[in-house]
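Peer 1: My structure is in entry_28.txt, and what it holds is compact mmCIF, C-alpha atoms:
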# COMPACT_ATOMS: atom_id res chain seq x y z
CA MET A 6 -4.68 13.91 13.11
CA LYS A 7 -3.00 16.18 10.57
CA THR A 8 0.16 17.98 11.55
CA ARG A 9 1.20 21.40 10.28
CA HIS A 10 4.81 20.91 11.33
CA VAL A 11 7.61 21.68 8.87
CA ARG A 12 11.02 20.05 9.26
CA SER A 13 14.23 21.47 7.87
CA LEU A 14 15.89 18.83 5.68
CA THR A 15 19.45 18.31 6.91
CA GLU A 16 21.78 15.39 7.57
CA VAL A 17 21.06 15.64 11.29
CA ALA A 18 17.31 15.54 10.70
CA LEU A 19 17.66 12.40 8.56
CA ALA A 20 19.41 10.50 11.34
CA ARG A 21 16.08 8.79 12.08
CA CYS A 22 15.91 7.58 8.48
CA PRO A 23 19.44 6.33 7.75
CA LEU A 24 20.49 4.83 4.45
CA PRO A 25 19.85 1.06 4.38
CA ASP A 26 22.93 -1.07 4.89
CA PRO A 27 22.66 -4.31 2.87
CA GLY A 28 25.64 -5.79 4.71
CA SER A 29 29.11 -6.67 3.50
CA ASP A 30 28.04 -10.06 2.12
CA ALA A 31 24.97 -8.83 0.19
CA ASP A 32 24.73 -9.26 -3.58
CA LYS A 33 23.17 -6.88 -6.10
CA GLU A 34 19.72 -8.39 -5.60
CA ALA A 35 19.72 -7.20 -2.00
CA ARG A 36 20.12 -3.58 -3.13
CA GLY A 37 17.08 -3.73 -5.36
CA HIS A 38 16.18 -3.61 -9.04
CA VAL A 39 15.04 -0.27 -10.49
CA LEU A 40 13.21 0.19 -13.78
CA VAL A 41 13.55 3.54 -15.56
CA VAL A 42 10.94 4.21 -18.25
CA ALA A 43 12.13 7.37 -19.95
CA GLY A 44 13.39 9.18 -23.01
CA SER A 45 12.17 10.10 -26.46
CA PRO A 46 13.79 10.61 -29.87
CA GLU A 47 14.32 14.30 -29.07
CA ILE A 48 15.47 13.80 -25.45
CA PRO A 49 17.25 10.43 -25.24
CA GLY A 50 19.76 11.64 -22.66
CA ALA A 51 17.12 11.94 -19.93
CA ALA A 52 16.91 8.15 -19.69
CA LEU A 53 20.69 7.94 -19.40
CA LEU A 54 20.84 10.58 -16.65
CA ALA A 55 18.06 8.98 -14.60
CA GLY A 56 19.42 5.46 -15.03
CA GLU A 57 22.97 6.32 -14.06
CA ALA A 58 21.74 8.30 -11.05
CA ALA A 59 19.77 5.26 -9.85
CA LEU A 60 22.93 3.16 -9.92
CA ARG A 61 24.99 5.90 -8.25
CA ALA A 62 22.39 5.93 -5.44
CA GLY A 63 23.27 2.30 -4.78
CA ALA A 64 20.60 0.29 -6.60
CA GLY A 65 21.87 -3.18 -7.46
CA LYS A 66 20.28 -3.64 -10.88
CA LEU A 67 18.98 -1.32 -13.58
CA THR A 68 16.66 -1.79 -16.53
CA ILE A 69 15.93 1.09 -18.89
CA ALA A 70 12.79 0.93 -21.04
CA ALA A 71 12.72 3.53 -23.80
CA PRO A 72 11.25 4.08 -27.28
CA GLU A 73 12.60 1.63 -29.85
CA ALA A 74 14.23 4.45 -31.82
CA ILE A 75 16.71 5.22 -29.03
CA ALA A 76 17.04 1.85 -27.27
CA GLN A 77 20.18 0.68 -29.04
CA GLY A 78 22.00 3.94 -28.38
CA LEU A 79 21.12 3.75 -24.69
CA ALA A 80 22.32 0.15 -24.50
CA LEU A 81 25.72 1.29 -25.73
CA ALA A 82 25.78 4.40 -23.53
CA VAL A 83 24.81 2.55 -20.32
CA PRO A 84 26.47 -0.87 -20.52
CA GLU A 85 25.52 -1.58 -16.89
CA SER A 86 21.84 -1.65 -17.82
CA ARG A 87 19.46 -3.98 -19.55
CA VAL A 88 17.62 -1.92 -22.19
CA ILE A 89 14.15 -2.71 -23.54
CA GLY A 90 12.82 -1.04 -26.68
CA LEU A 91 9.14 -0.03 -26.47
CA PRO A 92 6.66 0.71 -29.27
CA GLN A 93 5.95 4.39 -29.70
CA THR A 94 3.44 6.77 -31.19
CA ARG A 95 4.21 8.93 -34.23
CA SER A 96 4.85 11.86 -31.92
CA GLY A 97 7.45 9.93 -29.92
CA GLY A 98 5.35 8.88 -26.93
CA LEU A 99 4.80 5.34 -25.68
CA THR A 100 1.74 3.33 -26.62
CA ALA A 101 -0.38 1.60 -23.97
CA SER A 102 0.62 -1.69 -25.60
CA ALA A 103 4.19 -1.04 -24.42
CA LEU A 104 3.04 -2.46 -21.09
CA ARG A 105 3.21 -5.97 -22.54
CA SER A 106 6.98 -5.59 -22.87
CA LEU A 107 7.28 -4.85 -19.14
CA THR A 108 4.85 -7.34 -17.60
CA SER A 109 7.36 -10.16 -17.16
CA LEU A 110 9.77 -7.75 -15.47
CA ALA A 111 7.26 -6.44 -12.93
CA PRO A 112 7.73 -9.12 -10.20
CA LEU A 113 11.48 -8.50 -10.15
CA VAL A 114 11.39 -4.73 -9.74
CA ARG A 115 11.36 -2.88 -6.41
CA ALA A 116 11.22 0.69 -7.77
CA VAL A 117 10.13 2.36 -11.00
CA VAL A 118 10.92 5.81 -12.42
CA ILE A 119 8.67 7.03 -15.23
CA GLY A 120 8.78 10.26 -17.17
CA PRO A 121 12.21 11.86 -17.72
CA GLY A 122 12.45 13.09 -21.29
CA MET A 123 9.12 11.60 -22.39
CA GLN A 124 6.92 13.37 -24.93
CA ASP A 125 3.26 13.37 -26.00
CA ARG A 126 1.18 14.28 -22.96
CA MET A 127 -1.92 12.25 -23.83
CA SER A 128 -0.12 9.00 -24.62
CA THR A 129 2.10 9.42 -21.55
CA ALA A 130 -0.90 9.83 -19.23
CA ARG A 131 -2.56 6.74 -20.71
CA PHE A 132 0.64 4.73 -20.44
CA VAL A 133 1.23 5.69 -16.81
CA ARG A 134 -2.28 4.77 -15.70
CA ALA A 135 -2.06 1.49 -17.61
CA VAL A 136 1.31 0.52 -16.18
CA LEU A 137 0.72 1.43 -12.51
CA PRO A 138 -1.35 -1.66 -11.54
CA ALA A 139 1.39 -3.99 -12.79
CA PHE A 140 3.83 -2.35 -10.36
CA ALA A 141 1.48 -1.98 -7.39
CA HIS A 142 4.07 -3.68 -5.16
CA ALA A 143 6.82 -1.21 -6.10
CA THR A 144 7.52 2.44 -5.32
CA VAL A 145 6.83 4.44 -8.48
CA THR A 146 8.38 7.88 -9.07
CA LEU A 147 6.60 10.01 -11.66
CA ASP A 148 8.70 12.82 -13.10
CA ALA A 149 8.27 15.48 -15.78
CA LEU A 150 5.41 14.69 -18.20
CA ALA A 151 4.45 11.55 -16.27
CA THR A 152 3.21 13.72 -13.39
CA CYS A 153 0.21 14.54 -15.59
CA ALA A 154 -1.27 11.21 -14.44
CA ALA A 155 -2.15 12.99 -11.19
CA SER A 156 -4.86 14.83 -13.11
CA ASP A 157 -6.88 11.61 -13.09
CA GLY A 158 -7.24 11.64 -9.30
CA VAL A 159 -6.16 9.65 -6.24
CA PHE A 160 -3.39 7.06 -6.48
CA ALA A 161 -4.09 3.64 -4.98
CA GLN A 162 -0.44 2.65 -4.54
CA PRO A 163 2.89 4.13 -3.38
CA VAL A 164 3.70 7.00 -5.75
CA ILE A 165 6.20 9.87 -5.63
CA LEU A 166 5.64 12.91 -7.86
CA THR A 167 8.44 15.40 -8.58
CA PRO A 168 6.93 18.50 -10.24
CA HIS A 169 8.57 21.90 -10.49
CA ALA A 170 6.42 25.00 -9.96
CA GLY A 171 5.24 25.16 -13.57
CA GLU A 172 4.17 21.50 -13.60
CA MET A 173 2.46 21.88 -10.24
CA ALA A 174 0.55 24.90 -11.54
CA ASP A 175 -0.63 22.91 -14.54
CA LEU A 176 -1.74 19.98 -12.39
CA CYS A 177 -3.58 22.18 -9.89
CA CYS A 178 -5.09 24.54 -12.50
CA VAL A 179 -3.49 27.63 -10.97
CA THR A 180 -0.77 30.00 -12.09
CA LYS A 181 2.93 29.40 -11.52
CA GLU A 182 3.00 32.61 -9.50
CA GLU A 183 0.34 31.23 -7.15
CA VAL A 184 2.41 28.09 -6.57
CA MET A 185 5.57 30.08 -5.88
CA ALA A 186 3.73 32.45 -3.55
CA ASN A 187 2.53 29.63 -1.27
CA PRO A 188 4.48 26.44 -2.00
CA LEU A 189 3.96 24.93 1.45
CA ASP A 190 0.17 24.90 1.29
CA MET A 191 0.25 23.81 -2.36
CA VAL A 192 2.45 20.79 -1.74
CA ARG A 193 0.55 19.74 1.37
CA ARG A 194 -2.81 20.01 -0.39
CA ALA A 195 -1.52 18.13 -3.44
CA ALA A 196 -0.16 15.26 -1.34
CA GLU A 197 -3.49 14.80 0.42
CA THR A 198 -5.54 15.20 -2.77
CA TRP A 199 -3.54 12.64 -4.74
CA ASN A 200 -2.56 10.33 -1.84
CA ALA A 201 1.07 10.65 -2.92
CA CYS A 202 4.46 11.85 -1.77
CA VAL A 203 4.95 15.15 -3.60
CA VAL A 204 8.38 16.72 -4.12
CA LEU A 205 7.85 20.33 -5.20
CA LYS A 206 11.19 21.33 -6.67
CA GLY A 207 12.67 24.82 -6.62
CA ALA A 208 15.24 27.05 -4.93
CA GLN A 209 13.42 25.83 -1.82
CA THR A 210 12.17 22.25 -2.20
CA PHE A 211 9.20 20.92 -0.22
CA ILE A 212 8.40 17.23 0.35
CA ALA A 213 4.93 16.29 1.58
CA LEU A 214 3.33 12.96 2.44
CA PRO A 215 -0.33 12.88 3.60
CA HIS A 216 -0.71 13.43 7.35
CA HIS A 217 3.06 13.74 7.88
CA PRO A 218 5.28 16.73 8.65
CA VAL A 219 6.55 18.49 5.52
CA TRP A 220 10.27 18.55 4.72
CA ARG A 221 11.75 21.88 3.56
CA PHE A 222 15.16 21.91 1.87
CA ASP A 223 16.92 25.28 1.76
CA GLY A 224 20.20 24.07 0.25
CA GLY A 225 19.41 24.48 -3.44
CA MET A 226 22.22 25.85 -5.60
CA PRO A 227 21.73 28.14 -8.64
CA GLY A 228 23.70 25.72 -10.80
CA LEU A 229 21.15 22.96 -10.15
CA ALA A 230 18.65 24.84 -12.31
CA THR A 231 19.99 23.30 -15.51
CA SER A 232 18.82 20.88 -18.19
CA GLY A 233 18.76 17.30 -16.95
CA SER A 234 19.08 18.12 -13.25
CA GLY A 235 15.54 16.93 -12.52
CA ASP A 236 16.18 13.68 -14.41
CA CYS A 237 19.13 13.05 -12.12
CA LEU A 238 17.01 13.72 -9.02
CA ALA A 239 14.28 11.34 -10.19
CA GLY A 240 16.89 8.63 -10.74
CA LEU A 241 18.39 9.16 -7.28
CA ILE A 242 14.96 8.82 -5.67
CA GLY A 243 14.30 5.67 -7.68
CA GLY A 244 17.61 4.12 -6.69
CA LEU A 245 17.07 4.91 -3.03
CA SER A 246 13.56 3.48 -3.20
CA ALA A 247 14.97 0.28 -4.69
CA ARG A 248 17.30 0.01 -1.70
CA GLY A 249 14.31 -0.06 0.64
CA LEU A 250 13.75 3.49 1.86
CA PRO A 251 10.11 4.58 2.34
CA LEU A 252 8.53 7.19 0.07
CA ASP A 253 9.38 10.25 2.11
CA GLY A 254 12.78 8.84 3.11
CA ALA A 255 13.83 8.17 -0.48
CA SER A 256 12.58 11.59 -1.52
CA ALA A 257 14.33 13.39 1.34
CA TRP A 258 17.64 11.59 0.80
CA GLY A 259 17.40 12.15 -2.95
CA VAL A 260 16.83 15.87 -2.55
CA LEU A 261 19.61 16.19 0.04
CA LEU A 262 22.17 14.23 -2.01
CA HIS A 263 21.22 16.16 -5.16
CA GLY A 264 21.70 19.44 -3.34
CA ARG A 265 24.98 18.37 -1.75
CA ALA A 266 26.28 17.22 -5.15
CA GLY A 267 25.48 20.67 -6.51
CA ARG A 268 27.33 22.27 -3.61
CA ALA A 269 30.40 20.10 -4.21
CA LEU A 270 30.46 21.02 -7.89
CA ALA A 271 29.92 24.69 -7.11
CA ARG A 272 33.00 24.68 -4.89
CA ARG A 273 35.10 22.99 -7.53
CA CYS A 274 33.73 24.49 -10.76
CA GLY A 275 31.94 27.67 -9.73
CA PRO A 276 28.27 28.34 -8.95
CA LEU A 277 27.10 28.09 -12.57
CA GLY A 278 28.06 26.03 -15.58
CA TYR A 279 28.45 22.50 -14.25
CA LEU A 280 26.43 19.85 -16.04
CA ALA A 281 23.64 17.57 -14.85
CA ARG A 282 25.72 14.56 -15.92
CA GLU A 283 28.34 15.59 -13.34
CA LEU A 284 25.93 15.39 -10.38
CA ALA A 285 25.50 11.63 -10.03
CA PRO A 286 29.24 10.79 -9.85
CA GLU A 287 29.42 12.94 -6.68
CA VAL A 288 26.78 10.86 -4.90
CA PRO A 289 28.63 7.67 -3.81
CA ALA A 290 31.26 9.60 -1.85
CA LEU A 291 28.58 11.82 -0.31
CA MET A 292 26.53 8.80 0.78
CA HIS A 293 29.59 7.18 2.29
CA ALA A 294 30.53 10.31 4.24
CA MET A 295 26.98 10.88 5.48
CA GLY A 296 26.41 7.21 6.26
CA ARG A 297 29.46 7.01 8.50
CA ARG A 298 27.92 9.67 10.71
CA MET A 299 24.66 7.77 11.14
CA PRO A 300 23.65 4.41 12.64
CA ALA A 301 23.14 1.75 9.96
CA VAL A 302 19.88 -0.15 9.53
CA ARG A 303 19.02 -3.04 7.28
CA PRO A 304 15.88 -2.88 5.14
CA ALA A 305 13.02 -5.06 6.41
How does this structure look as structure tokens?
Peer 2:
Amino acid sequence: MKTRHVRSLTEVALARCPLPDPGSDADKEARGHVLVVAGSPEIPGAALLAGEAALRAGAGKLTIAAPEAIAQGLALAVPESRVIGLPQTRSGGLTASALRSLTSLAPLVRAVVIGPGMQDRMSTARFVRAVLPAFAHATVTLDALATCAASDGVFAQPVILTPHAGEMADLCCVTKEEVMANPLDMVRRAAETWNACVVLKGAQTFIALPHHPVWRFDGGMPGLATSGSGDCLAGLIGGLSARGLPLDGASAWGVLLHGRAGRALARRCGPLGYLARELAPEVPALMHAMGRRMPAVRPA
């Protein structure tokens, strides 16, 4: 039976979905391995932002897969990560053959983030659909251009999509104004149509999973509407998924932590002008403070 209930996304509301506690004796494997497939020659920083955010969310291991042209730079910029260079198209996208470079990694990965900073819509859609079956056991977050894979229909595995209003309009063949006028119905319909957890980003953010109550987050800050902010959010969701949270739990915690990081920076720096790269460093302290107020659970 479908529910029309909408829940306000707050720390108190998330008490039933606390952050997983790996235990004091757990190693990095227990906190999960996240793969970030992102970046392009024109937007290499998106892979960095998403990868660092995944680690700041508590993931134990990180691998970044990016076009060969930017792989070495990312390896130097993110020394905590393994970096894999992937073959690319002339326009900077990834070829379907790039999957071969990731196949051996698939059994080790608990969460995947695809899309931040990627270019070439057609090659990205082909790559996403080709790579999904290899990671059927993992939670896959599709961000930015990778959300275009939803145009091909229902997903057969756990997938999170993080479109903003413009991307949602493109996917649903409606105008941006129509999405913004009725975001609740749009996100609910999209989740059921695609069999996915959909995070519709905006000043108000809505999170929908088929046949579940919808989360509504009202804590967005004006300063969060800045270049790279969505890459950071996608990385947070990926890191939380790697730790063992379910689709809607990882999405809800990611949105809440992202918003709280923006609030912390707004208090310290002012409401506008802080950078997306400054969001992720706020997250560990926020998780610690929120976690102390909630009962701990270990992932199954």
Peer 1: Have a look at CA of Ala170 in chain A and CA of Asp223 in chain A and let me know their distance in Å, one decimal.
Peer 2: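 We find that CA of Ala170 in chain A and CA of Asp223 in chain A lie 15.7 Å from each other.
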Peer 1: Using all atoms listed in the file for the distances, tell me which of A:Arg134, A:Ser109, A:Val179, A:Cys202 is nearest to Gly158 in chain A.
Peer 2: A:Arg134
Peer 1: Given only C-alpha atoms, how would the per-residue table for range 143-226 of chain A near range 231-241 of chain A read, listing every residue at most 10 Å away with its closest atom pair and distance in Å to one decimal, sorted by chain and number, as a Markdown table?
Peer 2:
| residue | atom | partner | partner_atom | distance |
| --- | --- | --- | --- | --- |
| A:Thr146 | CA | A:Ala239 | CA | 6.9 |
| A:Leu147 | CA | A:Ala239 | CA | 7.9 |
| A:Asp148 | CA | A:Ala239 | CA | 6.5 |
| A:Ala149 | CA | A:Gly235 | CA | 8.1 |
| A:Ile165 | CA | A:Ala239 | CA | 9.4 |
| A:Leu166 | CA | A:Ala239 | CA | 9.1 |
| A:Thr167 | CA | A:Ala239 | CA | 7.3 |
| A:Pro168 | CA | A:Gly235 | CA | 9.0 |
| A:His169 | CA | A:Gly235 | CA | 8.8 |
| A:Lys206 | CA | A:Gly235 | CA | 8.5 |
Peer 1: Mind writing the picked residues with C-alpha atoms as a compact mmCIF listing (two decimals), in the frame of the given file?
Peer 2:
# COMPACT_ATOMS: atom_id res chain seq x y z
CA THR A 146 8.38 7.88 -9.07
CA LEU A 147 6.60 10.01 -11.66
CA ASP A 148 8.70 12.82 -13.10
CA ALA A 149 8.27 15.48 -15.78
CA ILE A 165 6.20 9.87 -5.63
CA LEU A 166 5.64 12.91 -7.86
CA THR A 167 8.44 15.40 -8.58
CA PRO A 168 6.93 18.50 -10.24
CA HIS A 169 8.57 21.90 -10.49
CA LYS A 206 11.19 21.33 -6.67
Peer 1: Could you work out how far CA of Ser246 in chain A lies from CA of Pro138 in chain A, giving the answer in Å with one decimal?
Peer 2: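 Here the two named atoms are 17.8 Å from each other.
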Peer 1: What is the distance, in Å and to one decimal place, between CA of Leu176 in chain A and CA of Ile212 in chain A?
Peer 2: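 Pair CA of Leu176 in chain A / CA of Ile212 in chain A returns 16.5 Å.
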Peer 1: Using only C-alpha atoms, determine which residues lie at most 9 Å from Leu250 in chain A, disregarding the query and same-chain residues fewer than 6 positions distant; provide the list as a PDB file with C-alpha atoms, keeping the file's coordinate frame.
Peer 2:
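Now in part.pdb:
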ATOM      1  CA  CYS A  22      15.910   7.580   8.480  1.00  0.00           C
ATOM      2  CA  PRO A  23      19.440   6.330   7.750  1.00  0.00           C
ATOM      3  CA  LEU A  24      20.490   4.830   4.450  1.00  0.00           C
ATOM      4  CA  PRO A  25      19.850   1.060   4.380  1.00  0.00           C
ATOM      5  CA  SER A 256      12.580  11.590  -1.520  1.00  0.00           C
ATOM      6  CA  PRO A 304      15.880  -2.880   5.140  1.00  0.00           C
TER       7      PRO A 304
END
Peer 1: For the contact check between range 53-109 of chain A and range 281-289 of chain A, emit one row per residue of range 53-109 of chain A within 12 Å, containing the shortest atom pair and the distance in Å rounded to one decimal, counting all atoms listed in the file, chain then rising number order, as a Markdown table.
Peer 2:
| residue | atom | partner | partner_atom | distance |
| --- | --- | --- | --- | --- |
| A:Leu53 | CA | A:Arg282 | CA | 9.0 |
| A:Leu54 | CA | A:Arg282 | CA | 6.3 |
| A:Ala55 | CA | A:Ala285 | CA | 9.1 |
| A:Gly56 | CA | A:Ala285 | CA | 10.0 |
| A:Glu57 | CA | A:Ala285 | CA | 7.1 |
| A:Ala58 | CA | A:Ala285 | CA | 5.1 |
| A:Ala59 | CA | A:Ala285 | CA | 8.6 |
| A:Leu60 | CA | A:Ala285 | CA | 8.9 |
| A:Arg61 | CA | A:Pro289 | CA | 6.0 |
| A:Ala62 | CA | A:Val288 | CA | 6.6 |
| A:Gly63 | CA | A:Pro289 | CA | 7.6 |
| A:Ala64 | CA | A:Pro289 | CA | 11.3 |
Peer 1: Which is closest to Gly37 in chain A among A:Ala82, A:Leu229, A:Ala151, A:Val117, if we use all atoms listed in the file?
Peer 2: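 Smallest separation from Gly37 in chain A among the options: A:Val117.
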Peer 1: Can you tell me, as a PyMOL selection string, what residues are no more than 10 Å from His142 in chain A when counting only C-alpha atoms, ignoring any on the same chain fewer than 3 positions away?
Peer 2: chain A and resi 111-112+114-116+137-139+145+162-163
Peer 1: Applying 10 Å and all atoms listed in the file, which residues near Trp220 in chain A remain after dropping the ones on its own chain fewer than 5 positions away? List them as a compact mmCIF listing (two decimals) with C-alpha atoms, in the frame of the given file.
Peer 2:
# COMPACT_ATOMS: atom_id res chain seq x y z
CA HIS A 10 4.81 20.91 11.33
CA VAL A 11 7.61 21.68 8.87
CA ARG A 12 11.02 20.05 9.26
CA SER A 13 14.23 21.47 7.87
CA LEU A 14 15.89 18.83 5.68
CA THR A 15 19.45 18.31 6.91
CA ALA A 18 17.31 15.54 10.70
CA LEU A 189 3.96 24.93 1.45
CA VAL A 204 8.38 16.72 -4.12
CA THR A 210 12.17 22.25 -2.20
CA PHE A 211 9.20 20.92 -0.22
CA ILE A 212 8.40 17.23 0.35
CA ALA A 213 4.93 16.29 1.58
CA LEU A 214 3.33 12.96 2.44
CA ASP A 253 9.38 10.25 2.11
CA SER A 256 12.58 11.59 -1.52
CA ALA A 257 14.33 13.39 1.34
Peer 1: So that all listed atoms of range 161-179 of chain A fit with 5 Å spare on each side, what axis-aligned box centre and edge lengths in Å, to one decimal, would you give as JSON?
Peer 2:
{"center_x": 1.7, "center_y": 15.1, "center_z": -9.0, "size_x": 23.7, "size_y": 35.0, "size_z": 21.2}
Peer 1: Compile the contact shell of Met173 in chain A as JSON, numbers by chain: residues with an atom at most 9 Å away, counting only C-alpha atoms, same-chain residues fewer than 4 positions apart removed.
Peer 2: {"A": [152, 167, 168, 169, 177, 178, 179, 180, 181, 184, 191, 192, 195, 205]}
Peer 1: Between A:Phe160, A:Trp258, A:Phe132, A:Trp199, which residue has the minimum interatomic distance to Val17 in chain A, considering all atoms listed in the file?
Peer 2: A:Trp258
